[in-house]
>>> print(open('start.cif').read())   # mmCIF, C-alpha atoms
data_model
loop_
_atom_site.label_atom_id
_atom_site.label_comp_id
_atom_site.auth_asym_id
_atom_site.auth_seq_id
_atom_site.Cartn_x
_atom_site.Cartn_y
_atom_site.Cartn_z
CA MET A 88 78.35 194.13 168.73
CA SER A 89 79.41 197.11 170.86
CA GLY A 90 77.63 199.66 168.69
CA TYR A 91 74.25 198.05 169.40
CA ALA A 92 71.97 199.17 172.22
CA LEU A 93 71.88 196.60 175.04
CA PRO A 94 68.44 195.03 174.30
CA ILE A 95 69.57 194.39 170.70
CA GLN A 96 72.85 192.87 171.89
CA ARG A 97 70.88 190.56 174.16
CA LEU A 98 68.53 189.53 171.36
CA ILE A 99 71.46 188.82 169.03
CA LYS A 100 73.06 186.70 171.75
CA GLU A 101 69.85 184.69 172.25
CA LEU A 102 69.32 184.19 168.51
CA SER A 103 72.91 183.09 167.91
CA ARG A 104 72.31 180.13 170.24
CA PHE A 105 70.27 178.50 167.47
CA PRO A 106 72.04 175.76 165.52
CA GLY A 107 73.49 177.09 162.27
CA ILE A 108 72.85 180.73 163.23
CA GLY A 109 76.04 182.73 163.62
CA GLU A 110 76.39 186.23 164.95
CA LYS A 111 75.88 187.84 161.54
CA THR A 112 72.67 185.98 160.80
CA ALA A 113 71.48 186.64 164.35
CA ALA A 114 72.08 190.37 163.76
CA ARG A 115 70.08 190.16 160.53
CA LEU A 116 67.20 188.41 162.32
CA ALA A 117 67.33 190.92 165.20
CA ASN A 118 67.23 193.70 162.63
CA HIS A 119 64.13 192.14 161.10
CA ILE A 120 62.48 192.02 164.53
CA LEU A 121 63.35 195.70 165.01
CA HIS A 122 61.51 196.55 161.82
CA ILE A 123 58.35 194.44 162.10
CA PRO A 124 55.28 195.91 163.84
CA ALA A 125 55.21 195.45 167.63
CA GLU A 126 52.10 193.30 167.20
CA ASP A 127 53.99 190.77 165.04
CA ALA A 128 56.86 190.61 167.53
CA ARG A 129 54.40 189.97 170.34
CA ARG A 130 52.83 187.15 168.34
CA LEU A 131 56.26 185.63 167.64
CA ALA A 132 57.17 185.76 171.34
CA GLN A 133 53.81 184.23 172.23
CA THR A 134 54.19 181.32 169.79
CA ILE A 135 57.58 180.55 171.34
CA LEU A 136 56.02 180.45 174.80
CA ASP A 137 53.04 178.43 173.51
CA VAL A 138 55.27 175.74 172.09
CA LYS A 139 56.90 175.28 175.48
CA ASP A 140 53.64 175.47 177.42
CA LYS A 141 51.28 173.47 175.25
CA ILE A 142 53.34 170.75 173.64
CA ARG A 143 53.55 167.39 175.36
CA LEU A 144 53.95 163.81 174.19
CA CYS A 145 51.02 161.86 172.74
CA SER A 146 49.97 159.26 175.31
CA VAL A 147 49.80 156.56 172.63
CA CYS A 148 52.67 157.10 170.19
CA PHE A 149 54.86 159.73 171.97
CA ASN A 150 54.74 162.09 169.02
CA LEU A 151 54.61 165.78 169.96
CA ALA A 152 51.01 166.69 170.66
CA GLU A 153 48.92 169.60 171.80
CA GLY A 154 46.43 167.51 173.77
CA GLU A 155 46.25 163.97 175.10
CA LEU A 156 46.54 162.49 171.58
CA CYS A 157 48.56 163.71 168.60
CA ASN A 158 46.86 164.65 165.31
CA ILE A 159 47.67 161.27 163.85
CA CYS A 160 46.52 159.05 166.72
CA ALA A 161 43.31 161.11 166.92
CA ASP A 162 42.61 160.54 163.22
CA THR A 163 40.16 157.64 162.92
CA ALA A 164 40.61 157.54 159.14
CA ARG A 165 44.13 156.16 159.57
CA ASN A 166 45.03 152.48 159.83
CA HIS A 167 45.70 151.91 163.54
CA GLY A 168 46.74 148.32 162.85
CA LEU A 169 49.90 149.50 161.07
CA ILE A 170 52.58 151.08 163.28
CA CYS A 171 55.69 152.77 161.92
CA VAL A 172 58.46 152.99 164.53
CA VAL A 173 60.72 156.04 164.21
CA GLU A 174 63.56 157.45 166.30
CA GLU A 175 62.44 161.08 166.49
CA PRO A 176 59.39 163.25 165.71
CA ASP A 177 61.43 164.73 162.82
CA SER A 178 61.45 161.37 161.04
CA LEU A 179 57.68 161.17 161.49
CA ILE A 180 57.24 164.59 159.90
CA ALA A 181 59.48 163.61 156.99
CA LEU A 182 57.42 160.45 156.37
CA GLU A 183 54.16 162.42 156.69
CA THR A 184 55.37 164.95 154.14
CA SER A 185 55.91 162.12 151.65
CA GLY A 186 52.16 161.45 151.88
CA GLY A 187 52.73 157.76 151.22
CA TYR A 188 51.87 156.42 154.65
CA HIS A 189 48.42 156.07 156.21
CA GLY A 190 49.12 154.05 159.33
CA VAL A 191 50.10 155.39 162.76
CA TYR A 192 53.49 155.87 164.41
CA HIS A 193 55.51 155.07 167.50
CA VAL A 194 58.27 157.50 168.44
CA LEU A 195 61.13 155.93 170.39
CA HIS A 196 62.84 159.26 171.23
CA GLY A 197 66.29 157.97 170.42
CA ALA A 198 68.14 154.87 169.35
CA LEU A 199 70.23 152.34 171.24
CA SER A 200 73.66 153.70 171.99
CA PRO A 201 75.22 151.92 175.00
CA LEU A 202 78.28 154.21 174.96
CA ASP A 203 76.00 157.22 175.47
CA GLY A 204 74.07 155.38 178.18
CA ILE A 205 71.02 154.82 175.99
CA GLY A 206 69.68 151.31 176.54
CA PRO A 207 66.20 149.86 175.84
CA GLU A 208 64.88 151.46 179.08
CA GLN A 209 65.70 154.95 177.80
CA LEU A 210 63.58 154.39 174.68
CA ARG A 211 59.83 153.93 174.41
CA ILE A 212 60.22 150.22 173.61
CA ARG A 213 58.23 148.90 176.58
CA GLU A 214 55.35 151.18 175.54
CA LEU A 215 55.55 149.77 172.00
CA LEU A 216 55.24 146.23 173.37
CA ASP A 217 52.28 147.35 175.52
CA ARG A 218 50.57 148.79 172.42
CA ILE A 219 51.03 145.51 170.61
CA ALA A 220 49.70 143.49 173.56
CA SER A 221 46.50 145.52 173.86
CA ASN A 222 45.79 146.31 170.21
CA THR A 223 45.10 144.38 167.06
CA VAL A 224 48.33 145.38 165.37
CA GLU A 225 48.89 143.72 162.00
CA GLU A 226 52.31 145.02 161.10
CA VAL A 227 55.14 147.08 162.55
CA ILE A 228 57.38 148.93 160.09
CA VAL A 229 60.74 149.69 161.67
CA ALA A 230 61.86 153.06 160.26
CA THR A 231 64.86 153.82 162.46
CA ASN A 232 67.77 155.43 160.62
CA PRO A 233 70.34 153.42 158.64
CA SER A 234 73.08 154.15 161.19
CA VAL A 235 74.72 151.92 163.80
CA PRO A 236 72.33 152.97 166.62
CA GLY A 237 69.34 152.82 164.24
CA GLU A 238 70.21 149.36 162.93
CA THR A 239 70.88 148.03 166.43
CA THR A 240 67.51 149.35 167.58
CA ALA A 241 65.80 147.82 164.54
CA LEU A 242 67.40 144.47 165.34
CA LEU A 243 66.23 144.54 168.97
CA ILE A 244 62.69 145.59 168.04
CA SER A 245 62.34 142.92 165.36
CA LYS A 246 63.58 140.28 167.82
CA LEU A 247 61.12 141.37 170.54
CA LEU A 248 58.18 141.59 168.15
CA LYS A 249 58.83 138.30 166.43
CA GLU A 250 58.65 136.64 169.87
CA ARG A 251 55.13 138.11 170.06
CA ASN A 252 54.16 136.88 166.58
CA VAL A 253 53.78 140.33 165.02
CA LYS A 254 54.75 140.91 161.39
CA VAL A 255 57.81 143.16 161.34
CA THR A 256 59.15 144.94 158.27
CA ARG A 257 62.05 147.32 157.71
CA ILE A 258 61.92 150.35 155.41
CA ALA A 259 63.95 149.88 152.21
CA PHE A 260 67.45 151.29 151.78
CA GLY A 261 68.71 151.86 148.27
CA VAL A 262 69.62 154.38 145.62
CA PRO A 263 67.66 157.60 146.27
CA MET A 264 65.26 158.76 143.55
CA GLY A 265 67.04 161.05 141.11
CA GLY A 266 70.35 159.58 142.28
CA ASP A 267 72.97 158.02 140.03
CA LEU A 268 74.50 154.59 140.66
CA LYS A 269 78.00 155.83 139.84
CA TYR A 270 77.83 158.46 142.61
CA THR A 271 76.21 156.15 145.17
CA ASP A 272 78.34 154.77 148.00
CA ARG A 273 79.13 151.06 148.30
CA MET A 274 77.00 150.49 151.40
CA THR A 275 73.91 151.89 149.69
CA LEU A 276 74.60 149.87 146.53
CA ALA A 277 74.89 146.70 148.62
CA LYS A 278 71.57 147.59 150.25
CA CYS A 279 69.83 148.32 146.92
CA ILE A 280 70.66 144.75 145.85
CA GLU A 281 69.65 143.29 149.21
CA PHE A 282 66.27 145.12 149.12
CA ARG A 283 65.55 144.28 145.45
CA ARG A 284 62.11 143.01 144.64
CA GLY A 285 60.42 141.22 141.76
CA VAL A 286 58.93 143.33 138.95
CA MET B 60 53.57 170.67 158.12
CA SER B 61 50.40 168.68 158.78
CA GLY B 62 52.12 166.15 161.04
CA TYR B 63 53.06 168.89 163.51
CA ALA B 64 50.93 169.85 166.50
CA LEU B 65 49.23 173.23 165.98
CA PRO B 66 51.48 175.33 168.29
CA ILE B 67 54.54 174.05 166.39
CA GLN B 68 52.91 174.80 163.03
CA ARG B 69 52.22 178.34 164.23
CA LEU B 70 55.81 178.80 165.42
CA ILE B 71 57.18 177.54 162.11
CA LYS B 72 54.91 179.96 160.27
CA GLU B 73 56.12 182.89 162.40
CA LEU B 74 59.78 181.93 162.02
CA SER B 75 59.52 181.52 158.26
CA ARG B 76 58.55 185.20 157.97
CA PHE B 77 62.20 186.10 158.65
CA PRO B 78 64.22 187.07 155.61
CA GLY B 79 66.24 184.14 154.28
CA ILE B 80 64.45 181.63 156.52
CA GLY B 81 62.46 179.07 154.54
CA GLU B 82 60.06 176.51 155.93
CA LYS B 83 62.76 173.87 156.46
CA THR B 84 65.03 176.19 158.43
CA ALA B 85 62.03 177.46 160.37
CA ALA B 86 61.19 173.84 161.26
CA ARG B 87 64.78 173.30 162.40
CA LEU B 88 64.65 176.45 164.57
CA ALA B 89 61.26 175.45 165.99
CA ASN B 90 62.70 172.04 166.79
CA HIS B 91 65.55 173.72 168.64
CA ILE B 92 63.05 175.76 170.67
CA LEU B 93 61.20 172.53 171.50
CA HIS B 94 64.37 171.07 172.94
CA ILE B 95 65.78 173.99 174.95
CA PRO B 96 64.75 174.42 178.60
CA ALA B 97 61.52 176.39 179.13
CA GLU B 98 63.57 179.04 180.94
CA ASP B 99 65.70 179.70 177.83
CA ALA B 100 62.60 179.96 175.64
CA ARG B 101 61.09 182.45 178.06
CA ARG B 102 64.27 184.53 177.96
CA LEU B 103 64.26 184.46 174.14
CA ALA B 104 60.62 185.59 174.02
CA GLN B 105 61.37 188.33 176.55
CA THR B 106 64.36 189.67 174.59
CA ILE B 107 62.13 189.91 171.50
CA LEU B 108 59.57 191.92 173.47
CA ASP B 109 62.29 194.04 175.08
CA VAL B 110 63.70 195.06 171.73
CA LYS B 111 60.29 196.33 170.66
CA ASP B 112 59.54 198.00 174.00
CA LYS B 113 62.86 199.54 174.91
CA ILE B 114 64.51 200.57 171.67
CA ARG B 115 63.97 204.10 170.41
CA LEU B 116 66.00 206.55 168.39
CA CYS B 117 68.85 208.54 169.97
CA SER B 118 67.69 212.15 170.29
CA VAL B 119 71.00 213.41 168.89
CA CYS B 120 72.08 211.06 166.10
CA PHE B 121 68.96 208.87 165.53
CA ASN B 122 70.91 205.67 166.07
CA LEU B 123 68.95 202.92 167.86
CA ALA B 124 69.20 203.56 171.58
CA GLU B 125 67.94 202.16 174.84
CA GLY B 126 67.61 205.55 176.56
CA GLU B 127 67.60 209.18 175.51
CA LEU B 128 71.11 208.92 174.03
CA CYS B 129 72.75 206.01 172.20
CA ASN B 130 75.94 204.38 173.54
CA ILE B 131 78.05 206.42 171.16
CA CYS B 132 76.54 209.87 171.79
CA ALA B 133 76.73 209.19 175.54
CA ASP B 134 80.45 208.36 175.29
CA THR B 135 82.42 211.47 176.27
CA ALA B 136 85.69 209.86 175.15
CA ARG B 137 84.61 210.13 171.50
CA ASN B 138 85.23 213.12 169.26
CA HIS B 139 81.89 214.91 169.07
CA GLY B 140 83.30 217.40 166.56
CA LEU B 141 83.53 214.68 163.91
CA ILE B 142 80.20 213.42 162.52
CA CYS B 143 79.88 210.45 160.18
CA VAL B 144 76.61 210.47 158.25
CA VAL B 145 75.19 207.03 157.42
CA GLU B 146 71.98 205.80 155.82
CA GLU B 147 71.03 203.11 158.32
CA PRO B 148 72.02 201.87 161.79
CA ASP B 149 73.50 198.78 160.06
CA SER B 150 76.14 200.93 158.37
CA LEU B 151 76.99 202.44 161.74
CA ILE B 152 77.47 198.99 163.26
CA ALA B 153 79.68 197.95 160.34
CA LEU B 154 81.89 201.03 160.78
CA GLU B 155 82.00 200.50 164.56
CA THR B 156 83.10 196.90 164.08
CA SER B 157 86.05 198.13 161.99
CA GLY B 158 87.26 199.93 165.11
CA GLY B 159 88.83 202.67 163.00
CA TYR B 160 86.47 205.51 163.81
CA HIS B 161 86.29 207.51 167.03
CA GLY B 162 83.89 210.31 166.13
CA VAL B 163 80.10 210.27 166.41
CA TYR B 164 77.39 209.48 163.85
CA HIS B 165 74.24 210.82 162.27
CA VAL B 166 71.74 208.26 160.95
CA LEU B 167 69.57 209.54 158.08
CA HIS B 168 67.25 206.49 158.06
CA GLY B 169 67.26 206.20 154.30
CA ALA B 170 68.63 207.85 151.18
CA LEU B 171 67.06 210.16 148.60
CA SER B 172 64.89 208.23 146.21
CA PRO B 173 62.24 210.50 144.61
CA LEU B 174 60.59 207.59 142.80
CA ASP B 175 59.93 205.91 146.16
CA GLY B 176 58.67 209.19 147.63
CA ILE B 177 61.78 209.73 149.74
CA GLY B 178 62.82 213.39 149.61
CA PRO B 179 65.01 215.41 152.01
CA GLU B 180 62.04 215.79 154.41
CA GLN B 181 61.80 212.02 154.88
CA LEU B 182 65.44 211.87 156.01
CA ARG B 183 67.04 213.31 159.15
CA ILE B 184 68.79 216.04 157.14
CA ARG B 185 67.18 219.00 158.90
CA GLU B 186 68.31 217.51 162.23
CA LEU B 187 71.85 217.22 160.86
CA LEU B 188 71.84 220.90 159.92
CA ASP B 189 70.53 221.73 163.41
CA ARG B 190 73.37 219.76 165.00
CA ILE B 191 75.88 221.66 162.93
CA ALA B 192 74.31 225.01 163.79
CA SER B 193 74.42 224.38 167.54
CA ASN B 194 77.68 222.45 167.87
CA THR B 195 81.32 223.00 167.18
CA VAL B 196 81.48 220.47 164.39
CA GLU B 197 84.84 220.33 162.63
CA GLU B 198 84.14 217.79 159.92
CA VAL B 199 81.29 215.76 158.48
CA ILE B 200 82.20 212.47 156.80
CA VAL B 201 79.47 211.42 154.37
CA ALA B 202 79.30 207.61 154.49
CA THR B 203 76.15 206.95 152.48
CA ASN B 204 76.36 203.90 150.21
CA PRO B 205 77.96 204.01 146.74
CA SER B 206 74.56 203.59 145.04
CA VAL B 207 72.43 206.09 143.10
CA PRO B 208 70.33 207.07 146.18
CA GLY B 209 73.45 207.16 148.39
CA GLU B 210 75.43 209.30 145.96
CA THR B 211 72.50 211.68 145.43
CA THR B 212 72.13 212.06 149.19
CA ALA B 213 75.87 212.64 149.57
CA LEU B 214 75.71 215.36 146.91
CA LEU B 215 72.83 217.16 148.62
CA ILE B 216 74.44 216.96 152.07
CA SER B 217 77.78 218.24 150.83
CA LYS B 218 76.04 221.14 149.08
CA LEU B 219 74.04 222.07 152.18
CA LEU B 220 77.04 221.80 154.50
CA LYS B 221 79.40 223.74 152.28
CA GLU B 222 76.92 226.63 152.38
CA ARG B 223 77.40 226.52 156.16
CA ASN B 224 81.22 226.45 155.92
CA VAL B 225 81.64 222.98 157.39
CA LYS B 226 84.39 220.71 156.12
CA VAL B 227 82.74 217.81 154.28
CA THR B 228 84.51 214.60 153.26
CA ARG B 229 83.33 211.43 151.54
CA ILE B 230 84.48 207.91 152.47
CA ALA B 231 86.86 206.38 149.90
CA PHE B 232 85.70 203.94 147.25
CA GLY B 233 88.24 201.61 145.73
CA VAL B 234 89.55 198.08 145.50
CA PRO B 235 88.58 196.19 148.69
CA MET B 236 91.42 194.80 150.84
CA GLY B 237 92.33 191.30 149.74
CA GLY B 238 90.69 192.00 146.38
CA ASP B 239 92.32 191.60 143.01
CA LEU B 240 92.35 194.32 140.34
CA LYS B 241 91.59 191.84 137.58
CA TYR B 242 88.35 190.80 139.28
CA THR B 243 87.31 194.32 140.24
CA ASP B 244 84.50 195.99 138.28
CA ARG B 245 85.13 199.07 136.11
CA MET B 246 83.22 201.48 138.33
CA THR B 247 85.29 200.53 141.35
CA LEU B 248 88.51 200.75 139.36
CA ALA B 249 87.55 204.24 138.17
CA LYS B 250 86.88 205.17 141.80
CA CYS B 251 90.16 203.74 143.06
CA ILE B 252 91.98 206.08 140.67
CA GLU B 253 89.76 209.05 141.59
CA PHE B 254 90.34 208.50 145.32
CA ARG B 255 94.12 207.94 145.01
CA ARG B 256 96.37 209.76 147.42
CA GLY B 257 100.03 210.66 147.69
CA VAL B 258 102.35 208.17 149.38
#
>>> encode(input="start.cif", output="structure tokens")
Amino acid sequence: MSGYALPIQRLIKELSRFPGIGEKTAARLANHILHIPAEDARRLAQTILDVKDKIRLCSVCFNLAEGELCNICADTARNHGLICVVEEPDSLIALETSGGYHGVYHVLHGALSPLDGIGPEQLRIRELLDRIASNTVEEVIVATNPSVPGETTALLISKLLKERNVKVTRIAFGVPMGGDLKYTDRMTLAKCIEFRRGV
Amino acid sequence: MSGYALPIQRLIKELSRFPGIGEKTAARLANHILHIPAEDARRLAQTILDVKDKIRLCSVCFNLAEGELCNICADTARNHGLICVVEEPDSLIALETSGGYHGVYHVLHGALSPLDGIGPEQLRIRELLDRIASNTVEEVIVATNPSVPGETTALLISKLLKERNVKVTRIAFGVPMGGDLKYTDRMTLAKCIEFRRGV
């Protein structure tokens, strides 16, 4: 690093804070910034600031949003009677990319993990129950991850919702498309039998 | 991308302009920016702007510098009678990292490539000759890359400097440390014989 001028050293240091970006990649990115027009660098810096300034949580589903409502909650063409509960905005994006879902979402911002001090109060579970109380919700799809915290959260949510007479479903776990049964782990194989359906 | 709020989409688009950064990595980086404190994001944006505002070329060696002189040219402890000629600032950094060189540099900012319109006038060759005319330079090490443009440039520089009675040397090409002769290409093997020295 010592051969670099100080502003470059500082930029490399900032860039290497990113997950999965080591010092070499950071130097390559810094080098790219050195070579792009000043206008482009200004725009990049501005978009970074904009994300911090303008992004807040959707007042309905707690997805990341620019205004009061996120793109999805503001979309009247979607089925607002179908709520898909996810742990993080990332999961929402992944489901959106699949293009197979036309309902709305509810982002919990985490999953139950008592050892890390994350109980029901730390998640947006109360807000989910409020949505169900005020709206005509037909079905809640629980799409938390197939991990211990995700499964625990799914269990709690399905218990709470069943008390309120809402239909609760869980996303299917099974062999991924393009996968091969002989390379699939035992847990997944057990799940693919459990989630089987009539053809 | 459509599930993201607009400022995030814009940030992902800017980040995916970086070399080797696809849309998925850009989304991961944008996600990181979303989660860091606003203060850190501001510092990152500022370092990007600083690099564009503060970095210029060293007036002596054309390395990237914060002020009039780069760190290396400003260092009186280095041997200013020994000049290592490199194509790009990256090569300089690589040599600096090795820690084995204590002279100064001269950055050409390219290599001869007539088909791309890069002749001697596009490189900092005239400035190199000026440095040699005015200084007490003992030796010039030509460290352009072992490629066609690099070799052509090395040939021209050595011709020009020999006319001016300056000692010119070329960095050695050979089997890299930790390499294995049986996996080394023919060109490199030919070079490792050519560059052999007495033991």
>>> residues_around(input="start.cif", residues="region 97-99 of chain A", least_positions_apart="6", cutoff="9 Å", atoms="only C-alpha atoms", output="list in words")
Met88, Glu110, Lys111, Thr112, Ala113, Ala114, Arg115, Leu116 and Ala117 of chain A; Leu103, Gln105, Thr106, Ile107, Asp109 and Val110 of chain B
>>> residues_around(input="start.cif", residues="region 196-203 of chain A", least_positions_apart="2", cutoff="9 Å", atoms="only C-alpha atoms", output="PDB file with C-alpha atoms, in the frame of the given file")
ATOM      1  CA  PHE A 149      54.860 159.730 171.970  1.00  0.00           C
ATOM      2  CA  ASN A 150      54.740 162.090 169.020  1.00  0.00           C
ATOM      3  CA  VAL A 173      60.720 156.040 164.210  1.00  0.00           C
ATOM      4  CA  GLU A 174      63.560 157.450 166.300  1.00  0.00           C
ATOM      5  CA  GLU A 175      62.440 161.080 166.490  1.00  0.00           C
ATOM      6  CA  PRO A 176      59.390 163.250 165.710  1.00  0.00           C
ATOM      7  CA  VAL A 194      58.270 157.500 168.440  1.00  0.00           C
ATOM      8  CA  ILE A 205      71.020 154.820 175.990  1.00  0.00           C
ATOM      9  CA  GLY A 206      69.680 151.310 176.540  1.00  0.00           C
ATOM     10  CA  PRO A 207      66.200 149.860 175.840  1.00  0.00           C
ATOM     11  CA  GLN A 209      65.700 154.950 177.800  1.00  0.00           C
ATOM     12  CA  LEU A 210      63.580 154.390 174.680  1.00  0.00           C
ATOM     13  CA  ARG A 211      59.830 153.930 174.410  1.00  0.00           C
ATOM     14  CA  THR A 231      64.860 153.820 162.460  1.00  0.00           C
ATOM     15  CA  ASN A 232      67.770 155.430 160.620  1.00  0.00           C
ATOM     16  CA  VAL A 235      74.720 151.920 163.800  1.00  0.00           C
ATOM     17  CA  PRO A 236      72.330 152.970 166.620  1.00  0.00           C
ATOM     18  CA  GLY A 237      69.340 152.820 164.240  1.00  0.00           C
ATOM     19  CA  GLU A 238      70.210 149.360 162.930  1.00  0.00           C
ATOM     20  CA  THR A 239      70.880 148.030 166.430  1.00  0.00           C
ATOM     21  CA  THR A 240      67.510 149.350 167.580  1.00  0.00           C
ATOM     22  CA  ALA A 241      65.800 147.820 164.540  1.00  0.00           C
TER      23      ALA A 241
END
>>> resolve_selection(input="start.cif", expression="the PyMOL selection byres ((chain A) within 9 of (chain B))", output="number ranges by chain")
A: 88-95, 97-98, 101-102, 105-106, 115-125, 127-142, 150-154, 157-159, 176-177, 179-181, 183-184
>>> write_last_selection(input="start.cif", atoms="C-alpha atoms", output="PDB file, keeping the file's coordinate frame")
ATOM      1  CA  MET A  88      78.350 194.130 168.730  1.00  0.00           C
ATOM      2  CA  SER A  89      79.410 197.110 170.860  1.00  0.00           C
ATOM      3  CA  GLY A  90      77.630 199.660 168.690  1.00  0.00           C
ATOM      4  CA  TYR A  91      74.250 198.050 169.400  1.00  0.00           C
ATOM      5  CA  ALA A  92      71.970 199.170 172.220  1.00  0.00           C
ATOM      6  CA  LEU A  93      71.880 196.600 175.040  1.00  0.00           C
ATOM      7  CA  PRO A  94      68.440 195.030 174.300  1.00  0.00           C
ATOM      8  CA  ILE A  95      69.570 194.390 170.700  1.00  0.00           C
ATOM      9  CA  ARG A  97      70.880 190.560 174.160  1.00  0.00           C
ATOM     10  CA  LEU A  98      68.530 189.530 171.360  1.00  0.00           C
ATOM     11  CA  GLU A 101      69.850 184.690 172.250  1.00  0.00           C
ATOM     12  CA  LEU A 102      69.320 184.190 168.510  1.00  0.00           C
ATOM     13  CA  PHE A 105      70.270 178.500 167.470  1.00  0.00           C
ATOM     14  CA  PRO A 106      72.040 175.760 165.520  1.00  0.00           C
ATOM     15  CA  ARG A 115      70.080 190.160 160.530  1.00  0.00           C
ATOM     16  CA  LEU A 116      67.200 188.410 162.320  1.00  0.00           C
ATOM     17  CA  ALA A 117      67.330 190.920 165.200  1.00  0.00           C
ATOM     18  CA  ASN A 118      67.230 193.700 162.630  1.00  0.00           C
ATOM     19  CA  HIS A 119      64.130 192.140 161.100  1.00  0.00           C
ATOM     20  CA  ILE A 120      62.480 192.020 164.530  1.00  0.00           C
ATOM     21  CA  LEU A 121      63.350 195.700 165.010  1.00  0.00           C
ATOM     22  CA  HIS A 122      61.510 196.550 161.820  1.00  0.00           C
ATOM     23  CA  ILE A 123      58.350 194.440 162.100  1.00  0.00           C
ATOM     24  CA  PRO A 124      55.280 195.910 163.840  1.00  0.00           C
ATOM     25  CA  ALA A 125      55.210 195.450 167.630  1.00  0.00           C
ATOM     26  CA  ASP A 127      53.990 190.770 165.040  1.00  0.00           C
ATOM     27  CA  ALA A 128      56.860 190.610 167.530  1.00  0.00           C
ATOM     28  CA  ARG A 129      54.400 189.970 170.340  1.00  0.00           C
ATOM     29  CA  ARG A 130      52.830 187.150 168.340  1.00  0.00           C
ATOM     30  CA  LEU A 131      56.260 185.630 167.640  1.00  0.00           C
ATOM     31  CA  ALA A 132      57.170 185.760 171.340  1.00  0.00           C
ATOM     32  CA  GLN A 133      53.810 184.230 172.230  1.00  0.00           C
ATOM     33  CA  THR A 134      54.190 181.320 169.790  1.00  0.00           C
ATOM     34  CA  ILE A 135      57.580 180.550 171.340  1.00  0.00           C
ATOM     35  CA  LEU A 136      56.020 180.450 174.800  1.00  0.00           C
ATOM     36  CA  ASP A 137      53.040 178.430 173.510  1.00  0.00           C
ATOM     37  CA  VAL A 138      55.270 175.740 172.090  1.00  0.00           C
ATOM     38  CA  LYS A 139      56.900 175.280 175.480  1.00  0.00           C
ATOM     39  CA  ASP A 140      53.640 175.470 177.420  1.00  0.00           C
ATOM     40  CA  LYS A 141      51.280 173.470 175.250  1.00  0.00           C
ATOM     41  CA  ILE A 142      53.340 170.750 173.640  1.00  0.00           C
ATOM     42  CA  ASN A 150      54.740 162.090 169.020  1.00  0.00           C
ATOM     43  CA  LEU A 151      54.610 165.780 169.960  1.00  0.00           C
ATOM     44  CA  ALA A 152      51.010 166.690 170.660  1.00  0.00           C
ATOM     45  CA  GLU A 153      48.920 169.600 171.800  1.00  0.00           C
ATOM     46  CA  GLY A 154      46.430 167.510 173.770  1.00  0.00           C
ATOM     47  CA  CYS A 157      48.560 163.710 168.600  1.00  0.00           C
ATOM     48  CA  ASN A 158      46.860 164.650 165.310  1.00  0.00           C
ATOM     49  CA  ILE A 159      47.670 161.270 163.850  1.00  0.00           C
ATOM     50  CA  PRO A 176      59.390 163.250 165.710  1.00  0.00           C
ATOM     51  CA  ASP A 177      61.430 164.730 162.820  1.00  0.00           C
ATOM     52  CA  LEU A 179      57.680 161.170 161.490  1.00  0.00           C
ATOM     53  CA  ILE A 180      57.240 164.590 159.900  1.00  0.00           C
ATOM     54  CA  ALA A 181      59.480 163.610 156.990  1.00  0.00           C
ATOM     55  CA  GLU A 183      54.160 162.420 156.690  1.00  0.00           C
ATOM     56  CA  THR A 184      55.370 164.950 154.140  1.00  0.00           C
TER      57      THR A 184
END
>>> atom_distance(input="start.cif", atom1="CA of Val199 (chain B)", atom2="CA of Ile216 (chain B)")
9.5 Å
>>> axis_aligned_box(input="start.cif", around="region 126-143 of chain B", padding_each_side="5 Å", output="lines of an AutoDock Vina configuration file")
center_x = 76.6
center_y = 210.9
center_z = 168.4
size_x = 28.1
size_y = 23.0
size_z = 26.4
>>> resolve_selection(input="start.cif", expression="the PyMOL selection byres ((chain B and resi 217) around 12)", output="list in words")
Val144, Ile184, Leu187, Leu188, Glu198, Val199, Ile200, Val201, Ala202, Thr203, Glu210, Thr211, Thr212, Ala213, Leu214, Leu215, Ile216, Lys218, Leu219, Leu220, Lys221, Glu222, Arg223, Asn224, Val225, Lys226, Val227, Thr228 and Arg229 of chain B
>>> atom_distance(input="start.cif", atom1="CA of Ala136 (chain B)", atom2="CA of His161 (chain B)")
8.5 Å
>>> atom_distance(input="start.cif", atom1="CA of Cys279 (chain A)", atom2="CA of Leu169 (chain A)")
24.5 Å
>>> residues_near_point(input="start.cif", point="(72.2, 219.6, 167.6)", cutoff="12 Å", atoms="all atoms listed in the file", output="list in words")
Cys117, Ser118, Val119, Cys120, Phe121, Cys132, His139, Gly140, Ile142, Tyr164, His165, Arg183, Ile184, Arg185, Glu186, Leu187, Leu188, Asp189, Arg190, Ile191, Ala192, Ser193, Asn194, Thr195 and Val196 of chain B
>>> resolve_selection(input="start.cif", expression="the PyMOL selection byres ((chain B and resi 232) around 7)", output="PyMOL selection string")
chain B and resi 230-231+233+247+250-251+254
>>> write_last_selection(input="start.cif", atoms="C-alpha atoms", output="PDB file, keeping the file's coordinate frame")
ATOM      1  CA  ILE B 230      84.480 207.910 152.470  1.00  0.00           C
ATOM      2  CA  ALA B 231      86.860 206.380 149.900  1.00  0.00           C
ATOM      3  CA  GLY B 233      88.240 201.610 145.730  1.00  0.00           C
ATOM      4  CA  THR B 247      85.290 200.530 141.350  1.00  0.00           C
ATOM      5  CA  LYS B 250      86.880 205.170 141.800  1.00  0.00           C
ATOM      6  CA  CYS B 251      90.160 203.740 143.060  1.00  0.00           C
ATOM      7  CA  PHE B 254      90.340 208.500 145.320  1.00  0.00           C
TER       8      PHE B 254
END
